[in-house]
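Source file: my_file_37.cif (mmCIF, C-alpha atoms)
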```cif
data_protein
#
loop_
_atom_site.label_atom_id
_atom_site.label_comp_id
_atom_site.auth_asym_id
_atom_site.auth_seq_id
_atom_site.Cartn_x
_atom_site.Cartn_y
_atom_site.Cartn_z
CA MET J 132 -46.20 -30.39 -6.31
CA VAL J 133 -49.03 -28.89 -4.27
CA ILE J 134 -52.15 -31.02 -3.79
CA SER J 135 -55.29 -29.35 -2.46
CA ASN J 136 -58.03 -31.42 -0.87
CA ILE J 137 -61.37 -30.32 -2.34
CA LEU J 138 -64.74 -30.77 -0.64
CA GLY J 139 -67.99 -28.91 -0.10
CA GLY J 140 -70.08 -26.65 -2.27
CA LEU J 141 -68.86 -24.41 -5.06
CA GLY J 142 -67.81 -21.54 -2.80
CA ASN J 143 -65.71 -23.79 -0.58
CA GLN J 144 -64.11 -25.43 -3.61
CA MET J 145 -63.12 -22.00 -4.91
CA PHE J 146 -61.38 -21.07 -1.66
CA GLN J 147 -59.54 -24.40 -1.51
CA TYR J 148 -58.41 -24.06 -5.11
CA ALA J 149 -57.39 -20.40 -4.77
CA ALA J 150 -55.19 -21.00 -1.73
CA GLY J 151 -53.53 -24.00 -3.36
CA ARG J 152 -53.01 -22.06 -6.58
CA ALA J 153 -51.33 -19.20 -4.74
CA LEU J 154 -48.96 -21.52 -2.88
CA ALA J 155 -48.16 -23.42 -6.08
CA VAL J 156 -47.37 -20.17 -7.91
CA ALA J 157 -45.19 -18.97 -5.03
CA GLN J 158 -43.19 -22.21 -5.12
CA GLY J 159 -43.13 -22.61 -8.89
CA LEU J 160 -44.86 -25.99 -8.55
CA PRO J 161 -47.88 -27.56 -10.28
CA LEU J 162 -51.22 -27.74 -8.46
CA TYR J 163 -53.36 -30.88 -8.36
CA LEU J 164 -56.78 -31.33 -6.80
CA ASP J 165 -57.69 -34.32 -4.65
CA LEU J 166 -61.37 -35.19 -5.09
CA SER J 167 -61.36 -38.48 -3.17
CA ASP J 168 -63.46 -37.11 -0.30
CA PHE J 169 -66.42 -36.70 -2.65
CA GLN J 170 -66.89 -40.48 -2.46
CA GLY J 171 -70.06 -40.95 -0.45
CA TYR J 172 -70.59 -37.18 -0.19
CA HIS J 173 -74.18 -36.29 -1.07
CA LEU J 174 -74.44 -32.58 -0.28
CA HIS J 175 -74.39 -29.89 -2.96
CA ASN J 176 -73.52 -30.77 -6.59
CA GLY J 177 -70.23 -32.64 -6.35
CA PHE J 178 -67.05 -31.23 -7.88
CA GLU J 179 -68.03 -28.17 -9.91
CA LEU J 180 -64.93 -26.14 -10.72
CA SER J 181 -64.11 -27.73 -14.08
CA ARG J 182 -67.75 -27.67 -15.17
CA VAL J 183 -68.33 -24.03 -14.26
CA PHE J 184 -65.04 -22.23 -14.90
CA ASN J 185 -62.47 -21.91 -17.67
CA GLY J 186 -59.43 -22.61 -15.52
CA LEU J 187 -57.28 -25.70 -15.89
CA PHE J 188 -58.10 -27.93 -12.93
CA GLU J 189 -55.75 -30.91 -12.87
CA LEU J 190 -56.81 -33.84 -10.72
CA ALA J 191 -54.44 -35.71 -8.44
CA GLU J 192 -53.94 -39.43 -8.93
CA GLU J 193 -53.21 -41.91 -6.17
CA HIS J 194 -49.52 -42.21 -7.03
CA GLN J 195 -49.14 -38.42 -6.71
CA LEU J 196 -50.69 -38.47 -3.26
CA GLN J 197 -48.27 -41.23 -2.29
CA GLN J 198 -45.38 -39.25 -3.71
CA VAL J 199 -46.20 -36.32 -1.42
CA ILE J 200 -47.40 -37.93 1.83
CA GLY J 201 -46.39 -41.58 1.45
CA TRP J 202 -48.40 -44.15 3.39
CA GLN J 203 -50.61 -41.38 4.76
CA ALA J 204 -52.19 -41.13 1.30
CA CYS J 205 -54.47 -44.02 2.33
CA ARG J 206 -57.92 -42.41 2.53
CA PRO J 207 -58.97 -43.81 5.94
CA VAL J 208 -55.64 -42.67 7.37
CA ARG J 209 -56.03 -39.20 5.87
CA ARG J 210 -59.49 -38.84 7.37
CA ILE J 211 -58.09 -39.59 10.82
CA LEU J 212 -55.05 -37.34 10.48
CA LYS J 213 -57.19 -34.33 9.63
CA HIS J 214 -58.26 -34.17 13.27
CA ARG J 215 -56.24 -31.94 15.56
CA GLN J 216 -55.55 -34.62 18.16
CA PHE J 217 -53.52 -36.58 15.59
CA ALA J 218 -51.38 -33.66 14.42
CA LEU J 219 -48.17 -35.15 15.83
CA PHE J 220 -48.52 -38.16 13.54
CA ARG J 221 -48.80 -36.19 10.31
CA ASP J 222 -46.03 -36.12 7.76
CA LYS J 223 -44.53 -32.60 7.61
CA ARG J 224 -45.99 -32.28 4.12
CA PHE J 225 -49.51 -33.05 5.37
CA ILE J 226 -50.71 -29.50 6.09
CA VAL J 227 -54.00 -28.96 7.91
CA GLU J 228 -55.37 -25.44 8.34
CA PRO J 229 -54.61 -24.65 12.02
CA HIS J 230 -57.53 -22.26 12.56
CA PHE J 231 -60.28 -20.49 10.62
CA HIS J 232 -58.63 -17.07 10.30
CA TYR J 233 -55.70 -16.38 8.00
CA TRP J 234 -52.54 -18.32 8.85
CA PRO J 235 -49.50 -16.05 8.30
CA ASP J 236 -47.10 -19.00 8.03
CA PHE J 237 -48.91 -20.40 4.99
CA PHE J 238 -46.31 -19.08 2.55
CA ALA J 239 -43.47 -20.30 4.75
CA ILE J 240 -44.23 -23.76 3.32
CA ARG J 241 -41.29 -24.41 0.99
CA HIS J 242 -41.87 -27.97 -0.12
CA SER J 243 -44.40 -30.20 -1.83
CA CYS J 244 -47.45 -30.54 0.34
CA TYR J 245 -51.00 -31.80 0.75
CA LEU J 246 -53.39 -29.04 1.88
CA VAL J 247 -56.50 -29.70 3.96
CA GLY J 248 -58.78 -26.89 5.09
CA TYR J 249 -61.22 -24.20 4.06
CA TRP J 250 -58.69 -21.36 3.65
CA GLN J 251 -61.46 -18.75 3.67
CA SER J 252 -59.58 -15.49 3.38
CA GLU J 253 -58.59 -13.34 0.43
CA ASN J 254 -55.19 -13.01 2.11
CA TYR J 255 -54.24 -16.44 0.81
CA PHE J 256 -54.59 -15.44 -2.84
CA LYS J 257 -54.59 -11.64 -2.99
CA SER J 258 -51.07 -11.75 -4.43
CA ILE J 259 -52.36 -13.58 -7.52
CA GLU J 260 -55.76 -11.91 -7.81
CA LYS J 261 -55.44 -11.51 -11.59
CA ILE J 262 -54.71 -15.22 -12.00
CA ILE J 263 -57.65 -16.23 -9.81
CA ARG J 264 -60.02 -13.96 -11.70
CA GLN J 265 -58.78 -15.48 -14.94
CA ASP J 266 -59.19 -19.04 -13.63
CA PHE J 267 -62.70 -18.27 -12.40
CA ARG J 268 -64.05 -16.96 -15.69
CA PHE J 269 -67.42 -18.60 -16.30
CA LYS J 270 -67.45 -21.05 -19.17
CA GLU J 271 -70.95 -20.54 -20.47
CA ARG J 272 -72.73 -17.49 -21.79
CA LEU J 273 -76.05 -16.64 -20.20
CA TYR J 274 -79.17 -17.51 -22.17
CA GLY J 275 -82.92 -17.00 -21.95
CA ARG J 276 -84.21 -15.57 -18.70
CA ASN J 277 -80.68 -15.27 -17.29
CA ALA J 278 -79.57 -13.20 -20.29
CA GLU J 279 -82.56 -10.91 -19.73
CA LEU J 280 -81.59 -10.55 -16.08
CA ALA J 281 -78.01 -9.77 -17.05
CA LYS J 282 -79.29 -6.94 -19.24
CA LEU J 283 -81.37 -5.54 -16.38
CA ILE J 284 -78.37 -5.79 -14.07
CA ASP J 285 -76.19 -3.92 -16.55
CA GLU J 286 -78.73 -1.15 -17.16
CA ASN J 287 -79.42 -0.39 -13.49
CA ASN J 288 -77.58 0.46 -10.30
CA SER J 289 -77.84 -3.20 -9.42
CA VAL J 290 -77.44 -4.67 -5.94
CA SER J 291 -77.27 -8.43 -5.46
CA LEU J 292 -78.97 -9.66 -2.29
CA HIS J 293 -78.50 -13.29 -1.27
CA ILE J 294 -80.72 -15.19 1.15
CA ARG J 295 -79.46 -18.67 1.83
CA ARG J 296 -81.81 -21.15 3.43
CA GLY J 297 -81.77 -24.65 1.90
CA ASP J 298 -79.33 -26.79 3.89
CA TYR J 299 -79.07 -24.01 6.50
CA VAL J 300 -82.70 -24.84 7.34
CA HIS J 301 -83.08 -28.53 6.51
CA ASN J 302 -79.70 -29.96 7.58
CA ALA J 303 -79.56 -29.97 11.38
CA ALA J 304 -75.76 -30.00 11.60
CA THR J 305 -75.38 -27.17 9.08
CA ASN J 306 -78.07 -25.14 10.81
CA ALA J 307 -76.39 -25.59 14.18
CA THR J 308 -73.07 -24.36 12.78
CA HIS J 309 -74.13 -21.53 10.50
CA GLY J 310 -77.60 -20.50 11.59
CA LEU J 311 -79.67 -18.07 9.55
CA VAL J 312 -79.03 -14.41 8.89
CA SER J 313 -81.73 -12.25 10.48
CA LEU J 314 -84.21 -10.15 8.55
CA ALA J 315 -82.89 -7.21 10.58
CA TYR J 316 -79.54 -7.60 8.81
CA TYR J 317 -81.15 -7.39 5.39
CA LYS J 318 -83.33 -4.47 6.45
CA GLY J 319 -80.30 -2.58 7.73
CA ALA J 320 -78.20 -3.37 4.66
CA ILE J 321 -80.98 -2.33 2.27
CA ALA J 322 -81.40 0.98 4.09
CA ARG J 323 -77.64 1.66 4.12
CA ILE J 324 -77.05 0.86 0.50
CA ALA J 325 -80.13 2.75 -0.68
CA LYS J 326 -78.83 5.82 1.13
CA GLU J 327 -75.27 5.53 -0.13
CA VAL J 328 -75.52 4.44 -3.77
CA GLY J 329 -78.76 6.07 -4.93
CA ALA J 330 -81.56 4.60 -7.06
CA PRO J 331 -80.71 0.95 -6.32
CA PHE J 332 -82.18 -1.96 -8.23
CA PHE J 333 -82.17 -5.05 -6.01
CA VAL J 334 -81.67 -8.50 -7.49
CA ILE J 335 -82.70 -11.05 -4.88
CA PHE J 336 -81.20 -14.53 -5.07
CA SER J 337 -82.37 -17.40 -2.88
CA ASP J 338 -82.72 -21.15 -2.77
CA ASP J 339 -86.12 -20.47 -1.13
CA ILE J 340 -87.46 -17.69 -3.31
CA ASP J 341 -91.04 -18.03 -2.02
CA TRP J 342 -89.84 -17.35 1.52
CA ALA J 343 -87.87 -14.36 0.26
CA ARG J 344 -90.90 -12.91 -1.52
CA GLN J 345 -93.07 -13.33 1.56
CA ASN J 346 -90.64 -11.97 4.12
CA LEU J 347 -88.40 -9.41 2.46
CA GLU J 348 -89.73 -5.86 2.45
CA ILE J 349 -88.21 -3.71 -0.30
CA SER J 350 -89.72 -0.44 -1.45
CA TRP J 351 -87.16 -0.05 -4.23
CA PRO J 352 -87.36 -1.65 -7.70
CA CYS J 353 -86.35 -5.29 -7.51
CA CYS J 354 -86.59 -8.70 -9.09
CA PHE J 355 -86.43 -12.20 -7.61
CA VAL J 356 -84.22 -14.95 -9.05
CA GLY J 357 -85.10 -18.49 -8.06
CA ASP J 358 -85.04 -20.65 -11.18
CA ASN J 359 -81.37 -21.64 -11.16
CA GLN J 360 -81.52 -24.82 -9.10
CA GLY J 361 -79.38 -27.95 -8.76
CA VAL J 362 -76.50 -28.13 -11.23
CA ASP J 363 -77.56 -24.74 -12.62
CA SER J 364 -77.27 -22.97 -9.26
CA TYR J 365 -73.86 -21.56 -10.22
CA LEU J 366 -75.70 -19.27 -12.65
CA ASP J 367 -76.82 -17.26 -9.62
CA MET J 368 -73.16 -16.61 -8.78
CA GLN J 369 -72.54 -15.61 -12.38
CA LEU J 370 -75.39 -13.10 -12.22
CA MET J 371 -74.29 -11.85 -8.80
CA SER J 372 -70.84 -11.10 -10.21
CA LEU J 373 -72.40 -8.76 -12.77
CA CYS J 374 -74.05 -6.58 -10.10
CA ARG J 375 -72.45 -3.34 -8.96
CA HIS J 376 -73.04 -3.76 -5.23
CA HIS J 377 -73.73 -6.70 -2.95
CA ILE J 378 -75.53 -7.75 0.22
CA ILE J 379 -74.25 -11.23 0.94
CA ALA J 380 -75.41 -14.00 3.26
CA ASN J 381 -73.18 -15.94 5.65
CA SER J 382 -72.26 -18.05 2.65
CA SER J 383 -69.09 -18.62 0.65
CA PHE J 384 -71.31 -18.77 -2.45
CA SER J 385 -72.36 -15.12 -2.30
CA TRP J 386 -68.92 -14.18 -0.91
CA TRP J 387 -67.51 -15.22 -4.26
CA GLY J 388 -70.37 -13.65 -6.19
CA ALA J 389 -69.39 -10.34 -4.60
CA TRP J 390 -65.63 -10.84 -4.90
CA LEU J 391 -65.86 -11.63 -8.61
CA GLY J 392 -67.77 -8.40 -9.18
CA SER J 393 -65.58 -5.90 -11.03
CA TRP J 394 -67.45 -2.63 -10.45
CA PRO J 395 -64.65 -0.25 -9.33
CA GLU J 396 -66.69 1.45 -6.60
CA LYS J 397 -68.63 -1.58 -5.39
CA GLN J 398 -69.95 -1.73 -1.86
CA VAL J 399 -70.29 -5.11 -0.19
CA PHE J 400 -72.22 -5.68 3.04
CA TYR J 401 -71.77 -8.84 5.08
CA PRO J 402 -73.24 -10.11 8.38
CA ALA J 403 -71.11 -9.84 11.51
CA HIS J 404 -72.46 -13.17 12.77
CA TRP J 405 -71.14 -15.64 10.20
CA PHE J 406 -71.53 -18.66 12.47
CA ALA J 407 -74.20 -19.61 14.98
CA LYS J 408 -71.74 -21.33 17.27
CA GLY J 409 -68.10 -22.24 17.62
CA ASN J 410 -64.99 -20.26 18.34
CA PHE J 411 -64.34 -18.92 14.85
CA ASP J 412 -62.29 -15.77 14.39
CA THR J 413 -63.74 -14.21 11.23
CA VAL J 414 -61.62 -11.05 11.23
CA THR J 415 -59.84 -12.04 7.98
CA LEU J 416 -62.84 -13.65 6.29
CA CYS J 417 -63.82 -10.61 4.21
CA PRO J 418 -61.68 -7.97 2.48
CA PRO J 419 -61.07 -4.88 4.64
CA ASP J 420 -63.09 -2.58 2.38
CA TRP J 421 -66.26 -4.67 2.77
CA ILE J 422 -68.79 -3.37 5.29
CA ARG J 423 -69.67 -5.45 8.35
CA LEU J 424 -73.17 -5.08 9.77
CA ASP J 425 -73.95 -6.13 13.34
CA CYS J 426 -77.71 -6.54 12.86
#
```

Please express the file's structure as structure tokens.
Amino acid sequence: MVISNILGGLGNQMFQYAAGRALAVAQGLPLYLDLSDFQGYHLHNGFELSRVFNGLFELAEEHQLQQVIGWQACRPVRRILKHRQFALFRDKRFIVEPHFHYWPDFFAIRHSCYLVGYWQSENYFKSIEKIIRQDFRFKERLYGRNAELAKLIDENNSVSLHIRRGDYVHNAATNATHGLVSLAYYKGAIARIAKEVGAPFFVIFSDDIDWARQNLEISWPCCFVGDNQGVDSYLDMQLMSLCRHHIIANSSFSWWGAWLGSWPEKQVFYPAHWFAKGNFDTVTLCPPDWIRLDC
């Protein structure tokens, strides 16, 4: 079996699931999800995949963890072994992502394993794209204001634009790692997409919609979406996925909103500076046909 450790917000959970799913399919093994790290975790909205999507998300039990990694299934031990300096002590089936960019040896794994990492690259699951899109079908229909927005999105040359602030502003550690995308990036992306797609209709999503209204200058038709908060925040991703084109933030949330979009000629713009600090190679983070902006 393949067991994928799940932690973080919805976008991170989707990457962790998708990589595990691809490896499980390649090996002809079942996939189970380990949620134990959510104990004492107070960021975001907890485990969301089974609440948001139609896929079958089977949860790992303690005896399955023990079956794969033996005594290292003990949670305190697992937390220690995730760190690079303890790599020599890991069971061969305890697989920790070696670096941020795509790891070519991922599919060389030929045995049951326990996966730990972010796995943020389409390369991990491109081979089963149809399966992932099927698994990530949204459970609920859109109602009320969101249904009205979906109609507007469908009737116009819609462009999703995501401004993430929230924990990127208020959580010191998150801010230090990710930083904030500059207004220059959004200005440049808006100008590029307006020139290339013609008659755009911008749909602005943000967890700080007042800031977005006050600071974003758009001369094209637009609307602001800020009501989907807390456990309903996934509805923003659902609406993003209906748009034809996308201007994403340095966020796995809008990454997936853009990736799930099915418009055949979609254009996706993403910021070159995904992290504020750290030695992260982001060359494989986004699909090759997405457009990187250096603003």

Problem - Surrounding residues of J:Leu141 excluding itself and chain neighbours under 6 positions, 9 Å, only C-alpha atoms, as a VMD selection string - result: chain J and resid 175 to 180 365 383 to 384

Exercise for the section: Would you list the residues near (-40.3, -29.3, -4.8) (no more than 9 Å away, in the coordinates of the file, using only C-alpha atoms) as a count of residues only? Expected result: 9

Problem - Picked residues, the PyMOL selection byres ((chain J and resi 187-193) around 10), as a ChimeraX atom specification - result: /J:133-136,148,161-167,180-182,184-186,194-198,204-206,266-267

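For J:Trp405, the residues within 10 Å (counting only C-alpha atoms, excluding itself and residues fewer than 2 positions away along the chain) are Thr308, His309, Gly310, Leu311, Val312, Ala380, Asn381, Ser382, Tyr401, Pro402, Ala403, Ala407, Lys408, Phe411, Asp412, Thr413 and Leu416 of chain J.
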
Problem - Near-J:Tyr172 list (9 Å; all atoms listed in the file; drop same-chain fewer than 4 positions) as a ChimeraX atom specification - result: /J:138-139,168,177

Applying 10 Å and only C-alpha atoms, which residues near J:Trp234 remain after dropping the ones on its own chain fewer than 5 positions away? List them as a CSV table (one decimal) with C-alpha atoms, keeping the file's coordinate frame.
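This went into part-v4.csv:
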```
chain,number,residue,atom,x,y,z
J,228,GLU,CA,-55.4,-25.4,8.3
J,229,PRO,CA,-54.6,-24.6,12.0
J,250,TRP,CA,-58.7,-21.4,3.6
J,252,SER,CA,-59.6,-15.5,3.4
J,254,ASN,CA,-55.2,-13.0,2.1
J,255,TYR,CA,-54.2,-16.4,0.8
J,415,THR,CA,-59.8,-12.0,8.0
```

Exercise for the section: Please write as a PyMOL selection string the full residue list that the PyMOL selection byres ((chain J and resi 214) around 12) yields on this file. Expected result: chain J and resi 208-213+215-221+225-230+247-248

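Coordinates place atom CA of J:Trp351 at a distance of 6.7 Å from atom CA of J:Phe332.
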
Please enclose the listed atoms of stretch 418-424 of chain J in an axis-aligned box, pad each side by 3 Å, and write out the centre and the three edge lengths in Å, rounded to one decimal, as AutoDock Vina command-line options.
```
--center_x -67.1 --center_y -5.3 --center_z 6.1 --size_x 18.1 --size_y 11.4 --size_z 13.4
```

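Once the PyMOL selection byres ((chain J and resi 259) around 12) is applied to the shown structure, the selection contains Ala149, Ala150, Gly151, Arg152, Ala153, Leu154, Ala155, Val156, Ala157, Glu253, Asn254, Tyr255, Phe256, Lys257, Ser258, Glu260, Lys261, Ile262, Ile263, Arg264, Gln265 and Asp266 of chain J.
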
Will you give me stretch 173-263 of chain J, written with C-alpha atoms and laid out as an mmCIF file, in the first residue's frame?
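Below is the file decode.cif, written as the result:
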```
data_model
loop_
_atom_site.group_PDB
_atom_site.id
_atom_site.type_symbol
_atom_site.label_atom_id
_atom_site.label_comp_id
_atom_site.auth_asym_id
_atom_site.auth_seq_id
_atom_site.Cartn_x
_atom_site.Cartn_y
_atom_site.Cartn_z
ATOM 1 C CA HIS J 173 -4.858 24.943 14.105
ATOM 2 C CA LEU J 174 -4.157 26.563 10.737
ATOM 3 C CA HIS J 175 -6.621 26.466 7.846
ATOM 4 C CA ASN J 176 -9.732 24.235 8.019
ATOM 5 C CA GLY J 177 -8.397 20.806 8.896
ATOM 6 C CA PHE J 178 -8.714 17.888 6.484
ATOM 7 C CA GLU J 179 -10.916 19.031 3.608
ATOM 8 C CA LEU J 180 -10.577 16.613 0.700
ATOM 9 C CA SER J 181 -13.465 14.299 1.591
ATOM 10 C CA ARG J 182 -15.751 17.220 2.430
ATOM 11 C CA VAL J 183 -15.045 19.143 -0.766
ATOM 12 C CA PHE J 184 -14.487 16.536 -3.483
ATOM 13 C CA ASN J 185 -16.191 13.431 -4.832
ATOM 14 C CA GLY J 186 -13.125 11.200 -4.767
ATOM 15 C CA LEU J 187 -12.768 8.209 -2.472
ATOM 16 C CA PHE J 188 -10.305 9.238 0.225
ATOM 17 C CA GLU J 189 -9.473 6.245 2.407
ATOM 18 C CA LEU J 190 -7.857 6.999 5.748
ATOM 19 C CA ALA J 191 -4.921 5.060 7.135
ATOM 20 C CA GLU J 192 -5.253 3.314 10.474
ATOM 21 C CA GLU J 193 -2.444 2.803 12.960
ATOM 22 C CA HIS J 194 -1.983 -0.867 12.102
ATOM 23 C CA GLN J 195 -1.499 0.047 8.423
ATOM 24 C CA LEU J 196 1.199 2.552 9.311
ATOM 25 C CA GLN J 197 2.915 -0.136 11.374
ATOM 26 C CA GLN J 198 2.604 -2.587 8.505
ATOM 27 C CA VAL J 199 4.508 -0.219 6.217
ATOM 28 C CA ILE J 200 7.124 1.435 8.465
ATOM 29 C CA GLY J 201 7.070 -0.709 11.610
ATOM 30 C CA TRP J 202 8.153 0.942 14.856
ATOM 31 C CA GLN J 203 8.713 4.213 12.995
ATOM 32 C CA ALA J 204 4.924 4.573 12.805
ATOM 33 C CA CYS J 205 5.065 6.066 16.315
ATOM 34 C CA ARG J 206 4.074 9.706 15.773
ATOM 35 C CA PRO J 207 6.894 11.340 17.802
ATOM 36 C CA VAL J 208 9.406 9.169 15.945
ATOM 37 C CA ARG J 209 7.900 10.082 12.580
ATOM 38 C CA ARG J 210 8.114 13.778 13.383
ATOM 39 C CA ILE J 211 11.830 13.426 14.111
ATOM 40 C CA LEU J 212 12.587 11.277 11.068
ATOM 41 C CA LYS J 213 11.089 13.832 8.704
ATOM 42 C CA HIS J 214 14.135 16.026 9.284
ATOM 43 C CA ARG J 215 17.007 15.645 6.859
ATOM 44 C CA GLN J 216 19.654 15.060 9.513
ATOM 45 C CA PHE J 217 17.928 11.810 10.517
ATOM 46 C CA ALA J 218 17.608 10.404 6.993
ATOM 47 C CA LEU J 219 20.024 7.538 7.675
ATOM 48 C CA PHE J 220 17.715 6.189 10.373
ATOM 49 C CA ARG J 221 14.612 5.979 8.195
ATOM 50 C CA ASP J 222 13.177 2.694 7.047
ATOM 51 C CA LYS J 223 13.601 2.369 3.259
ATOM 52 C CA ARG J 224 9.826 2.634 2.951
ATOM 53 C CA PHE J 225 9.776 5.958 4.827
ATOM 54 C CA ILE J 226 10.075 8.347 1.868
ATOM 55 C CA VAL J 227 10.654 12.057 2.490
ATOM 56 C CA GLU J 228 10.625 14.494 -0.421
ATOM 57 C CA PRO J 229 14.350 15.256 -0.961
ATOM 58 C CA HIS J 230 13.872 18.769 -2.354
ATOM 59 C CA PHE J 231 11.124 21.134 -3.493
ATOM 60 C CA HIS J 232 11.438 20.596 -7.253
ATOM 61 C CA TYR J 233 10.311 17.432 -8.999
ATOM 62 C CA TRP J 234 12.174 14.298 -7.945
ATOM 63 C CA PRO J 235 12.744 12.087 -11.023
ATOM 64 C CA ASP J 236 13.286 8.947 -8.919
ATOM 65 C CA PHE J 237 9.788 9.149 -7.436
ATOM 66 C CA PHE J 238 8.413 6.435 -9.709
ATOM 67 C CA ALA J 239 11.442 4.238 -9.089
ATOM 68 C CA ILE J 240 9.803 3.393 -5.749
ATOM 69 C CA ARG J 241 8.627 -0.196 -6.225
ATOM 70 C CA HIS J 242 7.331 -1.124 -2.806
ATOM 71 C CA SER J 243 4.826 -0.097 -0.169
ATOM 72 C CA CYS J 244 5.798 3.243 1.270
ATOM 73 C CA TYR J 245 4.943 6.166 3.520
ATOM 74 C CA LEU J 246 5.210 9.513 1.695
ATOM 75 C CA VAL J 247 6.074 12.777 3.438
ATOM 76 C CA GLY J 248 6.380 16.040 1.540
ATOM 77 C CA TYR J 249 4.602 18.703 -0.455
ATOM 78 C CA TRP J 250 5.124 17.173 -3.928
ATOM 79 C CA GLN J 251 4.225 20.454 -5.629
ATOM 80 C CA SER J 252 4.636 19.670 -9.296
ATOM 81 C CA GLU J 253 2.242 18.470 -11.970
ATOM 82 C CA ASN J 254 5.005 16.078 -13.045
ATOM 83 C CA TYR J 255 4.068 13.762 -10.191
ATOM 84 C CA PHE J 256 0.533 13.191 -11.472
ATOM 85 C CA LYS J 257 0.447 14.302 -15.116
ATOM 86 C CA SER J 258 0.314 10.643 -16.170
ATOM 87 C CA ILE J 259 -3.051 10.229 -14.420
ATOM 88 C CA GLU J 260 -4.485 13.685 -15.092
ATOM 89 C CA LYS J 261 -7.916 12.292 -16.006
ATOM 90 C CA ILE J 262 -8.097 10.373 -12.728
ATOM 91 C CA ILE J 263 -7.069 13.409 -10.680
#
```
